[in-house]
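> What follows is input_26.txt; its format and atoms are compact mmCIF, C-alpha atoms and all ligand atoms.
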# COMPACT_ATOMS: atom_id res chain seq x y z
CA MET Y 1 17.00 -16.77 6.81
CA GLU Y 2 18.73 -14.39 9.22
CA VAL Y 3 16.85 -11.78 11.24
CA TRP Y 4 18.66 -8.71 12.58
CA HIS Y 5 16.73 -6.88 15.29
CA ILE Y 6 17.26 -3.15 15.45
CA SER Y 7 15.50 -1.04 18.03
CA GLU Y 8 15.65 2.73 18.01
CA GLU Y 9 16.80 2.99 21.62
CA GLN Y 10 19.58 0.47 21.26
CA GLU Y 11 22.85 1.15 19.47
CA TRP Y 12 23.16 -0.71 16.20
CA LYS Y 13 25.61 -3.54 16.18
CA ALA Y 14 27.97 -2.61 13.39
CA GLU Y 15 28.76 -6.25 12.57
CA ASP Y 16 25.05 -7.05 12.11
CA LEU Y 17 24.67 -4.30 9.56
CA SER Y 18 27.93 -5.02 7.81
CA ARG Y 19 26.83 -8.64 7.39
CA ALA Y 20 23.51 -7.54 5.84
CA ALA Y 21 25.39 -5.03 3.67
CA ASP Y 22 27.86 -7.72 2.54
CA ILE Y 23 24.98 -9.98 1.53
CA LEU Y 24 23.49 -7.13 -0.52
CA ARG Y 25 26.76 -6.31 -2.27
CA ASN Y 26 27.26 -9.99 -3.11
CA ASP Y 27 23.90 -10.41 -4.84
CA GLY Y 28 21.95 -11.83 -1.90
CA LEU Y 29 18.51 -10.52 -0.90
CA VAL Y 30 17.90 -8.59 2.32
CA ALA Y 31 14.54 -7.13 3.35
CA PHE Y 32 14.67 -3.89 5.33
CA PRO Y 33 12.28 -1.38 6.87
CA THR Y 34 11.55 1.98 5.29
CA GLU Y 35 9.15 4.61 6.62
CA THR Y 36 6.55 3.44 4.06
CA VAL Y 37 6.68 -0.39 3.89
CA TYR Y 38 9.40 -3.06 4.08
CA GLY Y 39 11.47 -3.35 0.91
CA LEU Y 40 13.02 -6.49 -0.62
CA GLY Y 41 16.54 -5.32 -1.44
CA GLY Y 42 19.06 -6.52 -4.00
CA ASN Y 43 22.09 -4.92 -5.70
CA ALA Y 44 20.64 -2.73 -8.48
CA LEU Y 45 23.85 -2.95 -10.51
CA HIS Y 46 23.74 -6.75 -10.84
CA GLN Y 47 21.22 -8.53 -13.04
CA ARG Y 48 21.68 -11.74 -11.01
CA ALA Y 49 20.42 -10.03 -7.83
CA VAL Y 50 17.59 -8.31 -9.68
CA LEU Y 51 16.39 -11.59 -11.19
CA LYS Y 52 16.32 -13.11 -7.70
CA ILE Y 53 14.00 -10.31 -6.53
CA PHE Y 54 11.52 -11.03 -9.33
CA GLU Y 55 11.67 -14.74 -8.53
CA ALA Y 56 11.16 -14.36 -4.76
CA LYS Y 57 8.20 -12.02 -5.24
CA GLN Y 58 6.80 -13.87 -8.27
CA ARG Y 59 6.63 -10.45 -9.85
CA PRO Y 60 5.83 -9.95 -13.55
CA ALA Y 61 9.12 -9.17 -15.33
CA ASP Y 62 7.85 -5.95 -16.95
CA ASN Y 63 7.11 -4.26 -13.60
CA PRO Y 64 10.08 -1.98 -12.80
CA LEU Y 65 11.79 -1.70 -9.40
CA ILE Y 66 12.44 1.38 -7.28
CA VAL Y 67 16.14 1.99 -6.61
CA HIS Y 68 17.12 3.20 -3.14
CA ILE Y 69 20.18 5.29 -2.34
CA ALA Y 70 21.51 6.70 0.96
CA ASP Y 71 22.38 10.16 -0.26
CA VAL Y 72 22.17 12.46 -3.31
CA SER Y 73 25.93 11.97 -3.76
CA GLN Y 74 24.98 8.50 -5.07
CA LEU Y 75 22.73 9.89 -7.83
CA HIS Y 76 25.52 9.46 -10.39
CA GLN Y 77 25.27 5.68 -9.84
CA VAL Y 78 21.62 5.57 -10.90
CA MET Y 79 20.88 8.44 -13.26
CA ASP Y 80 22.25 9.56 -16.58
CA GLU Y 81 23.83 12.88 -15.74
CA GLU Y 82 24.00 13.99 -19.38
CA THR Y 83 20.30 14.81 -19.16
CA ALA Y 84 19.69 18.07 -17.32
CA LEU Y 85 17.27 17.84 -14.41
CA PRO Y 86 14.31 20.25 -14.30
CA GLU Y 87 14.69 22.85 -11.52
CA ALA Y 88 11.50 21.56 -9.90
CA ALA Y 89 13.00 18.07 -9.61
CA LYS Y 90 15.95 19.50 -7.67
CA VAL Y 91 13.52 21.32 -5.38
CA ALA Y 92 11.62 18.07 -4.80
CA MET Y 93 14.83 16.24 -3.85
CA GLU Y 94 15.83 18.98 -1.43
CA GLN Y 95 12.44 19.21 0.21
CA PHE Y 96 11.25 15.60 0.31
CA TRP Y 97 14.38 13.42 0.48
CA PRO Y 98 14.91 11.47 2.62
CA GLY Y 99 11.21 10.64 2.44
CA PRO Y 100 8.32 8.81 0.77
CA LEU Y 101 8.74 10.29 -2.73
CA THR Y 102 10.00 8.25 -5.71
CA LEU Y 103 11.17 10.30 -8.70
CA LEU Y 104 11.37 8.92 -12.23
CA LEU Y 105 14.79 9.97 -13.56
CA PRO Y 106 16.70 9.20 -16.80
CA ALA Y 107 18.42 5.88 -16.06
CA ASN Y 108 22.16 5.27 -15.93
CA SER Y 109 23.26 2.44 -18.23
CA ALA Y 110 25.17 0.80 -15.34
CA LEU Y 111 21.88 -0.30 -13.76
CA ALA Y 112 20.85 -3.91 -14.27
CA GLU Y 113 18.53 -4.38 -17.24
CA GLY Y 114 15.67 -5.79 -15.13
CA VAL Y 115 15.40 -2.72 -12.90
CA HIS Y 116 13.63 -0.64 -15.56
CA PRO Y 117 12.68 -3.06 -18.35
CA ASN Y 118 12.15 -1.21 -21.65
CA LEU Y 119 11.86 2.12 -19.85
CA ARG Y 120 14.07 5.18 -20.27
CA ASN Y 121 13.50 6.21 -16.64
CA VAL Y 122 14.33 4.62 -13.33
CA GLY Y 123 12.38 5.22 -10.09
CA VAL Y 124 14.72 6.51 -7.35
CA ARG Y 125 14.23 7.42 -3.73
CA ILE Y 126 16.11 8.08 -0.50
CA PRO Y 127 14.06 6.51 2.30
CA ARG Y 128 13.73 8.18 5.70
CA HIS Y 129 13.95 5.19 8.07
CA PRO Y 130 17.29 5.26 9.96
CA ALA Y 131 17.76 1.48 9.53
CA ALA Y 132 17.33 1.81 5.76
CA LEU Y 133 19.72 4.73 5.53
CA LYS Y 134 22.44 2.95 7.53
CA LEU Y 135 22.08 -0.24 5.55
CA LEU Y 136 22.24 1.61 2.22
CA GLU Y 137 25.25 3.56 3.39
CA ALA Y 138 27.03 0.38 4.52
CA ALA Y 139 26.20 -1.41 1.25
CA GLY Y 140 27.47 1.46 -0.89
CA CYS Y 141 25.66 0.21 -3.98
CA PRO Y 142 22.22 1.38 -5.17
CA VAL Y 143 19.62 -1.09 -3.88
CA ALA Y 144 16.60 -2.13 -5.94
CA ALA Y 145 13.72 -2.80 -3.55
CA PRO Y 146 10.10 -3.43 -4.32
CA SER Y 147 7.75 -3.97 -1.39
CA ALA Y 148 8.77 -7.23 0.32
CA ASN Y 149 5.45 -9.05 -0.18
CA LYS Y 150 4.50 -11.82 -2.57
CA SER Y 151 3.01 -10.13 -5.66
CA GLY Y 152 -0.70 -9.54 -5.09
CA LYS Y 153 -0.55 -9.59 -1.28
CA PRO Y 154 -0.73 -6.48 0.91
CA SER Y 155 2.67 -4.81 1.39
CA PRO Y 156 4.48 -5.76 4.61
CA THR Y 157 4.68 -3.18 7.40
CA THR Y 158 6.48 -5.38 9.96
CA ALA Y 159 9.35 -7.89 9.80
CA ALA Y 160 6.84 -10.61 10.75
CA ASP Y 161 4.84 -9.80 7.58
CA VAL Y 162 8.02 -10.17 5.53
CA ILE Y 163 8.82 -13.52 7.15
CA GLU Y 164 5.24 -14.71 6.47
CA ASP Y 165 5.74 -14.14 2.71
CA MET Y 166 9.49 -14.60 2.22
CA ASP Y 167 10.80 -17.18 4.70
CA GLY Y 168 13.19 -19.51 2.88
CA LEU Y 169 13.24 -17.32 -0.23
CA ILE Y 170 15.59 -14.54 0.89
CA ASP Y 171 18.80 -14.32 2.94
CA GLY Y 172 17.67 -12.07 5.76
CA VAL Y 173 15.52 -9.29 7.13
CA VAL Y 174 16.44 -6.24 9.18
CA ASP Y 175 13.73 -5.87 11.83
CA GLY Y 176 13.29 -2.17 12.55
CA GLY Y 177 9.77 -2.31 13.97
CA ALA Y 178 6.50 -1.21 12.38
CA CYS Y 179 6.57 1.29 9.50
CA SER Y 180 5.36 4.78 10.42
CA VAL Y 181 3.69 5.77 7.11
CA GLY Y 182 2.27 2.37 6.14
CA LEU Y 183 1.49 3.08 2.43
CA GLU Y 184 4.02 2.99 -0.42
CA SER Y 185 5.77 6.13 -1.65
CA THR Y 186 4.35 8.68 -4.07
CA VAL Y 187 5.71 7.93 -7.57
CA ALA Y 188 6.12 11.08 -9.69
CA GLU Y 189 7.82 12.38 -12.81
CA ILE Y 190 8.76 16.05 -12.78
CA PHE Y 191 9.02 18.15 -15.95
CA ASP Y 192 9.95 21.82 -16.38
CA ASP Y 193 6.38 23.08 -16.30
CA HIS Y 194 4.33 20.32 -14.68
CA ALA Y 195 4.57 17.04 -12.77
CA VAL Y 196 2.69 13.74 -13.06
CA ILE Y 197 1.83 11.42 -10.17
CA TYR Y 198 1.69 7.75 -11.17
CA ARG Y 199 1.01 6.46 -7.67
CA PRO Y 200 -0.44 8.68 -4.92
CA GLY Y 201 1.24 8.51 -1.50
CA HIS Y 202 2.06 10.32 1.70
CA ILE Y 203 3.59 13.26 -0.22
CA THR Y 204 0.32 14.47 -1.67
CA ARG Y 205 -0.52 16.14 -4.98
CA GLU Y 206 -1.49 19.29 -3.08
CA VAL Y 207 1.77 19.38 -1.06
CA LEU Y 208 3.88 18.79 -4.20
CA GLU Y 209 2.07 21.52 -6.11
CA ASP Y 210 2.66 23.92 -3.27
CA ALA Y 211 6.35 23.11 -3.00
CA LEU Y 212 7.17 22.96 -6.73
CA GLN Y 213 4.95 25.84 -7.89
CA ILE Y 214 3.93 23.97 -11.05
CA PRO Y 215 0.70 22.08 -11.82
CA VAL Y 216 0.75 18.50 -10.54
CA VAL Y 217 -1.69 16.04 -12.11
CA TYR Y 218 -2.56 12.36 -11.65
CA ALA Y 219 -1.53 10.19 -14.60
CA GLU Y 220 -4.99 8.63 -14.77
CA ASN Y 221 -6.48 12.08 -15.42
CA LEU Y 222 -4.19 12.88 -18.34
CA ALA Y 223 -5.82 12.84 -21.78
CA SER Y 224 -4.31 9.62 -23.12
CA SER Y 225 -2.97 10.60 -26.51
CA ASP Y 226 -1.00 7.35 -26.47
CA SER Y 227 -3.89 5.06 -25.50
CA GLY Y 228 -3.24 1.45 -26.30
CA GLU Y 229 0.40 1.75 -25.36
CA SER Y 230 1.75 0.37 -22.12
CA PRO Y 231 1.06 2.64 -19.13
CA GLN Y 232 3.92 4.87 -17.94
CA SER Y 233 4.02 3.13 -14.57
CA PRO Y 234 3.53 -0.52 -15.44
CA GLY Y 235 2.91 -1.61 -11.86
CA MET Y 236 -0.40 0.22 -11.75
CA LYS Y 237 -2.06 -2.25 -14.10
CA TYR Y 238 -1.58 -5.27 -11.82
CA ARG Y 239 -3.97 -6.45 -9.15
CA HIS Y 240 -2.39 -5.24 -5.96
CA TYR Y 241 -2.81 -5.26 -2.22
CA ALA Y 242 -5.75 -7.64 -2.28
CA PRO Y 243 -6.31 -9.83 0.79
CA GLU Y 244 -8.18 -13.15 0.72
CA ALA Y 245 -11.25 -11.53 2.27
CA LYS Y 246 -13.56 -9.41 0.10
CA VAL Y 247 -13.13 -5.72 0.85
CA HIS Y 248 -16.18 -3.42 0.52
CA VAL Y 249 -15.78 0.37 0.66
CA TRP Y 250 -18.50 3.00 1.10
CA TYR Y 251 -17.75 6.71 1.06
CA GLY Y 252 -19.83 9.89 1.28
CA ASP Y 253 -22.47 10.59 3.96
CA SER Y 254 -21.41 9.00 7.25
CA GLY Y 255 -25.01 8.23 8.30
CA ARG Y 256 -25.64 6.37 5.04
CA ILE Y 257 -22.34 4.52 5.33
CA LEU Y 258 -23.49 3.26 8.73
CA VAL Y 259 -26.84 2.13 7.26
CA GLU Y 260 -25.06 0.17 4.49
CA MET Y 261 -22.72 -1.48 6.97
CA MET Y 262 -25.56 -2.46 9.33
CA LYS Y 263 -27.53 -3.92 6.40
CA PHE Y 264 -24.51 -5.98 5.39
CA ILE Y 265 -23.97 -7.22 8.95
CA ASP Y 266 -27.65 -8.26 9.17
CA ASP Y 267 -27.51 -10.12 5.85
CA TYR Y 268 -24.29 -12.08 6.42
CA ASN Y 269 -22.74 -14.24 9.14
CA SER Y 270 -21.42 -11.58 11.48
CA ALA Y 271 -18.64 -13.90 12.69
CA GLU Y 272 -17.07 -13.58 9.22
CA ILE Y 273 -17.23 -9.78 9.07
CA ALA Y 274 -14.77 -7.11 10.18
CA VAL Y 275 -15.46 -3.37 10.12
CA ILE Y 276 -12.97 -0.53 9.69
CA SER Y 277 -14.67 2.70 10.69
CA GLU Y 278 -14.46 5.81 12.85
CA ARG Y 279 -17.48 4.46 14.72
CA ASP Y 280 -17.36 1.84 17.42
CA PHE Y 281 -18.60 -1.60 16.34
CA THR Y 282 -17.13 -3.54 19.26
CA GLY Y 283 -19.49 -6.18 20.61
CA ARG Y 284 -21.16 -6.59 17.22
CA VAL Y 285 -18.36 -7.68 14.89
CA LYS Y 286 -14.56 -7.63 14.73
CA SER Y 287 -13.63 -4.03 14.24
CA TRP Y 288 -10.96 -1.36 14.17
CA LYS Y 289 -11.22 2.36 14.88
CA PRO Y 290 -8.44 4.95 15.16
CA PRO Y 291 -6.71 5.34 18.54
CA GLU Y 292 -7.95 8.22 20.73
CA GLY Y 293 -6.79 11.58 19.41
CA GLU Y 294 -5.52 10.33 16.02
CA SER Y 295 -7.05 11.17 12.64
CA TYR Y 296 -8.90 8.36 10.85
CA ILE Y 297 -6.97 8.87 7.59
CA GLY Y 298 -3.51 8.98 9.19
CA ALA Y 299 -4.08 6.02 11.50
CA LEU Y 300 -5.76 3.89 8.85
CA SER Y 301 -3.01 4.62 6.29
CA ARG Y 302 -0.49 3.30 8.78
CA GLU Y 303 -2.57 0.28 9.84
CA LEU Y 304 -4.42 -0.77 6.65
CA TYR Y 305 -2.06 -3.47 5.38
CA ARG Y 306 -1.49 -4.86 8.89
CA LEU Y 307 -5.27 -5.06 9.39
CA LEU Y 308 -5.89 -6.78 6.05
CA ARG Y 309 -3.27 -9.42 6.86
CA GLU Y 310 -4.61 -9.88 10.40
CA PHE Y 311 -8.23 -10.25 9.27
CA ASP Y 312 -7.12 -12.88 6.74
CA ARG Y 313 -5.37 -14.84 9.50
CA GLN Y 314 -8.58 -14.66 11.56
CA GLY Y 315 -10.64 -16.12 8.71
CA VAL Y 316 -12.64 -12.94 8.03
CA ARG Y 317 -14.56 -13.20 4.72
CA HIS Y 318 -15.78 -9.59 4.35
CA VAL Y 319 -14.03 -6.40 5.44
CA LEU Y 320 -16.37 -3.38 5.47
CA VAL Y 321 -14.53 -0.07 5.23
CA GLN Y 322 -15.59 3.53 5.72
CA GLY Y 323 -13.98 5.39 2.79
CA VAL Y 324 -12.60 8.94 2.89
CA PRO Y 325 -12.69 12.01 0.61
CA ASN Y 326 -10.38 11.51 -2.36
CA THR Y 327 -8.15 14.55 -1.69
CA ASP Y 328 -4.88 15.25 0.13
CA MET Y 329 -3.82 12.19 2.17
CA GLY Y 330 -7.18 10.59 1.38
CA ALA Y 331 -6.13 10.06 -2.25
CA ALA Y 332 -3.43 7.50 -1.39
CA LEU Y 333 -5.70 5.68 1.05
CA MET Y 334 -8.62 5.52 -1.43
CA ASN Y 335 -6.23 4.33 -4.17
CA ARG Y 336 -5.08 1.36 -2.06
CA LEU Y 337 -8.59 0.65 -0.75
CA GLY Y 338 -9.85 0.67 -4.34
CA LYS Y 339 -7.29 -1.95 -5.33
CA ALA Y 340 -7.99 -4.08 -2.29
CA ALA Y 341 -11.74 -3.85 -3.00
CA GLU Y 342 -11.38 -4.81 -6.69
CA GLY Y 343 -14.25 -2.55 -7.69
CA ARG Y 344 -16.48 -2.91 -4.61
CA VAL Y 345 -16.37 0.86 -3.89
CA LYS Y 346 -19.64 2.77 -3.63
CA GLU Y 347 -20.58 6.40 -3.03
CA VAL Y 348 -23.59 6.78 -0.73
O1 LIG C 401 7.44 3.02 -0.63
C1 LIG C 401 7.85 2.39 -1.60
O2 LIG C 401 7.91 2.88 -2.74
C2 LIG C 401 8.31 0.94 -1.36
C3 LIG C 401 9.54 0.99 -0.47
C4 LIG C 401 10.16 -0.36 -0.28
O3 LIG C 401 10.46 1.91 -0.98
N1 LIG C 401 8.56 0.29 -2.60
C5 LIG C 401 7.57 -0.08 -3.44
O4 LIG C 401 7.99 -0.73 -4.58
O5 LIG C 401 6.39 0.12 -3.22
P1 LIG C 401 7.03 -1.53 -5.56
O6 LIG C 401 7.93 -2.19 -6.52
O7 LIG C 401 6.15 -2.40 -4.78
O8 LIG C 401 6.23 -0.45 -6.34
C6 LIG C 401 6.90 0.35 -7.30
C7 LIG C 401 5.93 1.10 -8.17
C8 LIG C 401 5.28 0.19 -9.19
O9 LIG C 401 3.94 0.61 -9.38
C9 LIG C 401 6.15 0.43 -10.42
O10 LIG C 401 5.46 0.17 -11.61
C10 LIG C 401 6.52 1.90 -10.27
O11 LIG C 401 6.64 2.11 -8.89
N2 LIG C 401 7.80 2.17 -10.93
C11 LIG C 401 9.02 1.79 -10.51
N3 LIG C 401 9.97 2.15 -11.39
C12 LIG C 401 9.33 2.78 -12.41
C13 LIG C 401 9.75 3.35 -13.66
N4 LIG C 401 11.02 3.35 -14.03
N5 LIG C 401 8.82 3.88 -14.45
C14 LIG C 401 7.53 3.87 -14.08
N6 LIG C 401 7.06 3.34 -12.93
C15 LIG C 401 7.94 2.79 -12.11
MG MG C 402 4.51 -3.43 -4.19
What's the C-alpha cells form of this structure?
Ligand code: TXA
Ligand code: MG

Amino acid sequence: MEVWHISEEQEWKAEDLSRAADILRNDGLVAFPTETVYGLGGNALHQRAVLKIFEAKQRPADNPLIVHIADVSQLHQVMDEETALPEAAKVAMEQFWPGPLTLLLPANSALAEGVHPNLRNVGVRIPRHPAALKLLEAAGCPVAAPSANKSGKPSPTTAADVIEDMDGLIDGVVDGGACSVGLESTVAEIFDDHAVIYRPGHITREVLEDALQIPVVYAENLASSDSGESPQSPGMKYRHYAPEAKVHVWYGDSGRILVEMMKFIDDYNSAEIAVISERDFTGRVKSWKPPEGESYIGALSRELYRLLREFDRQGVRHVLVQGVPNTDMGAALMNRLGKAAEGRVKEV
C-alpha cells in the first residue's frame, strides 16, 4: 500500500497526486483526508471499484455510499438533471459546499448500481479539505467514499488510523494530517417546504434552518407513516463507531455527572478506566479534557474517534464520558456517543 504525505506548508508533488488519481480512475482504492474523517475512495461510475469498497470495509451491501465531487460543475455526473432541484437545495449548495454537508439528490443512472442500492437518491458532497479537492479534481470522476474504517469501528481521523484498518486491502492513502471536524458530515434531504436530517453533523439543524428559511427536522422525529419499511438512510440502523471498550455516557447536572463517575471509578479497577470530561482527572485515571481555551463540544467532536481508538490500544475496558446538551453542535456529538455507548447513556 502506498502512502503519499501531503503537508499544508509544502507544495504538493503533482506526480504523487496524479498517481493516486490514476489509481482511482482505474478502479483501485485510495483513502484520502476530508475535513470530517478519512474517506475510502473508489470510482463511483464503476461497479467493480464500488464492490471493492464494500469488500475492504466489510460493509453490508444495502448501505449506500456518499459520492464526492470537486465542484458543482460535476453535478451532471451524479444527479438526474431532469428532476428540478428545490430552491432551498441550491441555497444549501451555495452556502455549505465545499463543506461537511451531504445532500440526497435524484441519482444519475450512470452511477454504479452499488452506490445507492434500491434507492432513488444518491448522497453527494463537495468536501472542504484541500487534499480531497485536488485529488477529486485530478481524478475527474465522481468518487464514492464511505469512512475509511472497517465497518463497526470508529471512523479514521488520521492516515495512521486508515492504515490500522486497511493495510493490505487498499492501494494507497493520501496523508493530509488530522481531520479538523472529526465527525462525519450532516446527511440531509431538502424539499421545497422542509428538510430532513438523517445524520446530524457539523452543519447543525439550527444553522440549516436559519440559512434555508424552511423547517428542518430530524428523521427520527418524523411520524413514521411508513413504519416497517426500510429506513430512508439505511446506514443509521447499523451498529457504528463502537470501540472494544464499553462507553458510558452521563449528561445533565455536572455535579451529578461527577458523582456517577467517581462511583464508577471506586467500583472498578481504575487502571482499566478512562474519563472524557471537562474536569481534570489526571492522577486518578487515564483522562482527556479539552485544551486550554477550546470548547468541550468542539474539541471532543474533533478528538472523539482518535481517543476511542487510542484507549482501545491502551487496553482500557470502560470509557466514562461527560455528555452534552442535545442541541446545535451537541446533537452530532451525542448521536455518535450514543452509538458508541450502545445504550449506556443516562440523564442525571
Ligand atoms: O463525512 C462524511 O460523510 C464521510 C466522508 C468520507 O465524506 N463519509 C461517510 O460515509 O461518513 P459513510 O458511508 O461512512 O456514511 C454515509 C451515511 C450512511 O449512514 C448512509 O446510510 C448514508 O450516509 N447515505 C449515503 N447515501 C445515502 C442515500 N442515497 N440515501 C440515504 N442515506 C444515504
Ligand atoms: Mg462510516
> What residues have any atom no more than 9 Å from ligand MG 402 (chain C) when counting all atoms listed in the file, and can you list them as a PyMOL selection string?
chain Y and resi 37+39+146-155+184+235+240-241
> With distances taken over all atoms listed in the file, which residue among Y:Pro100, Y:Pro106, Y:Gly114, Y:Pro64 lies nearest Lys52 of chain Y?
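Going through Y:Pro100, Y:Pro106, Y:Gly114, Y:Pro64 one by one, the smallest distance to Lys52 of chain Y is for Y:Gly114.
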> Determine the axis-aligned bounding box of all atoms of ligand LIG 401 (chain C) present in the file, pad each side by 4 Å, and express its centre and edge lengths in Å to one decimal place as JSON.

{"center_x": 7.5, "center_y": 0.7, "center_z": -7.4, "size_x": 15.1, "size_y": 14.3, "size_z": 22.2}
> I'd like the interatomic distance between atom CA of Thr83 of chain Y and atom CA of Leu103 of chain Y, to a tenth of an Å.
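A separation of 14.6 Å between them.
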> In Å, with one decimal, what is the gap from atom CA of Leu258 of chain Y to atom CA of Leu300 of chain Y?
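Distance reported for this atom pair: 17.7 Å.
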> Need the shell around segment 290-297 of chain Y: protein/DNA/RNA residues with any atom at most 9 Å away, counting only C-alpha atoms. Skip same-chain ones fewer than 4 positions apart. Format as a ChimeraX atom specification?
/Y:276-278,301-302,324,329-330,333
> At a cut-off of 7 Å around ligand LIG 401 (chain C), and using all atoms listed in the file, what residues come up? Please write them as a PyMOL selection string.
chain Y and resi 34+36-40+63-66+100+102+104+116+119+121-123+127+145-147+183-187+199+232-236
> Restrict the selected residues to C-alpha atoms and save them as a tab-separated table (two decimals), in the coordinates of the input.

chain	number	residue	atom	x	y	z
Y	34	THR	CA	11.55	1.98	5.29
Y	36	THR	CA	6.55	3.44	4.06
Y	37	VAL	CA	6.68	-0.39	3.89
Y	38	TYR	CA	9.40	-3.06	4.08
Y	39	GLY	CA	11.47	-3.35	0.91
Y	40	LEU	CA	13.02	-6.49	-0.62
Y	63	ASN	CA	7.11	-4.26	-13.60
Y	64	PRO	CA	10.08	-1.98	-12.80
Y	65	LEU	CA	11.79	-1.70	-9.40
Y	66	ILE	CA	12.44	1.38	-7.28
Y	100	PRO	CA	8.32	8.81	0.77
Y	102	THR	CA	10.00	8.25	-5.71
Y	104	LEU	CA	11.37	8.92	-12.23
Y	116	HIS	CA	13.63	-0.64	-15.56
Y	119	LEU	CA	11.86	2.12	-19.85
Y	121	ASN	CA	13.50	6.21	-16.64
Y	122	VAL	CA	14.33	4.62	-13.33
Y	123	GLY	CA	12.38	5.22	-10.09
Y	127	PRO	CA	14.06	6.51	2.30
Y	145	ALA	CA	13.72	-2.80	-3.55
Y	146	PRO	CA	10.10	-3.43	-4.32
Y	147	SER	CA	7.75	-3.97	-1.39
Y	183	LEU	CA	1.49	3.08	2.43
Y	184	GLU	CA	4.02	2.99	-0.42
Y	185	SER	CA	5.77	6.13	-1.65
Y	186	THR	CA	4.35	8.68	-4.07
Y	187	VAL	CA	5.71	7.93	-7.57
Y	199	ARG	CA	1.01	6.46	-7.67
Y	232	GLN	CA	3.92	4.87	-17.94
Y	233	SER	CA	4.02	3.13	-14.57
Y	234	PRO	CA	3.53	-0.52	-15.44
Y	235	GLY	CA	2.91	-1.61	-11.86
Y	236	MET	CA	-0.40	0.22	-11.75
> As JSON, numbers by chain, please: the residues near Asp192 of chain Y (cut-off 7 Å, all atoms listed in the file, same-chain neighbours under 6 positions excluded).
{"Y": [86, 87, 88]}
> One decimal, Å: what's the distance from atom CA of Arg317 of chain Y over to atom CA of Asp280 of chain Y, could you say?
19.9 Å
> Looking at Y:Asp71, Y:Glu347, Y:Asp22, Y:Glu55, which one is nearest to Val249 of chain Y, with distances taken over all atoms listed in the file?
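Looking at the shortest contact to Val249 of chain Y, the residue is Y:Glu347.
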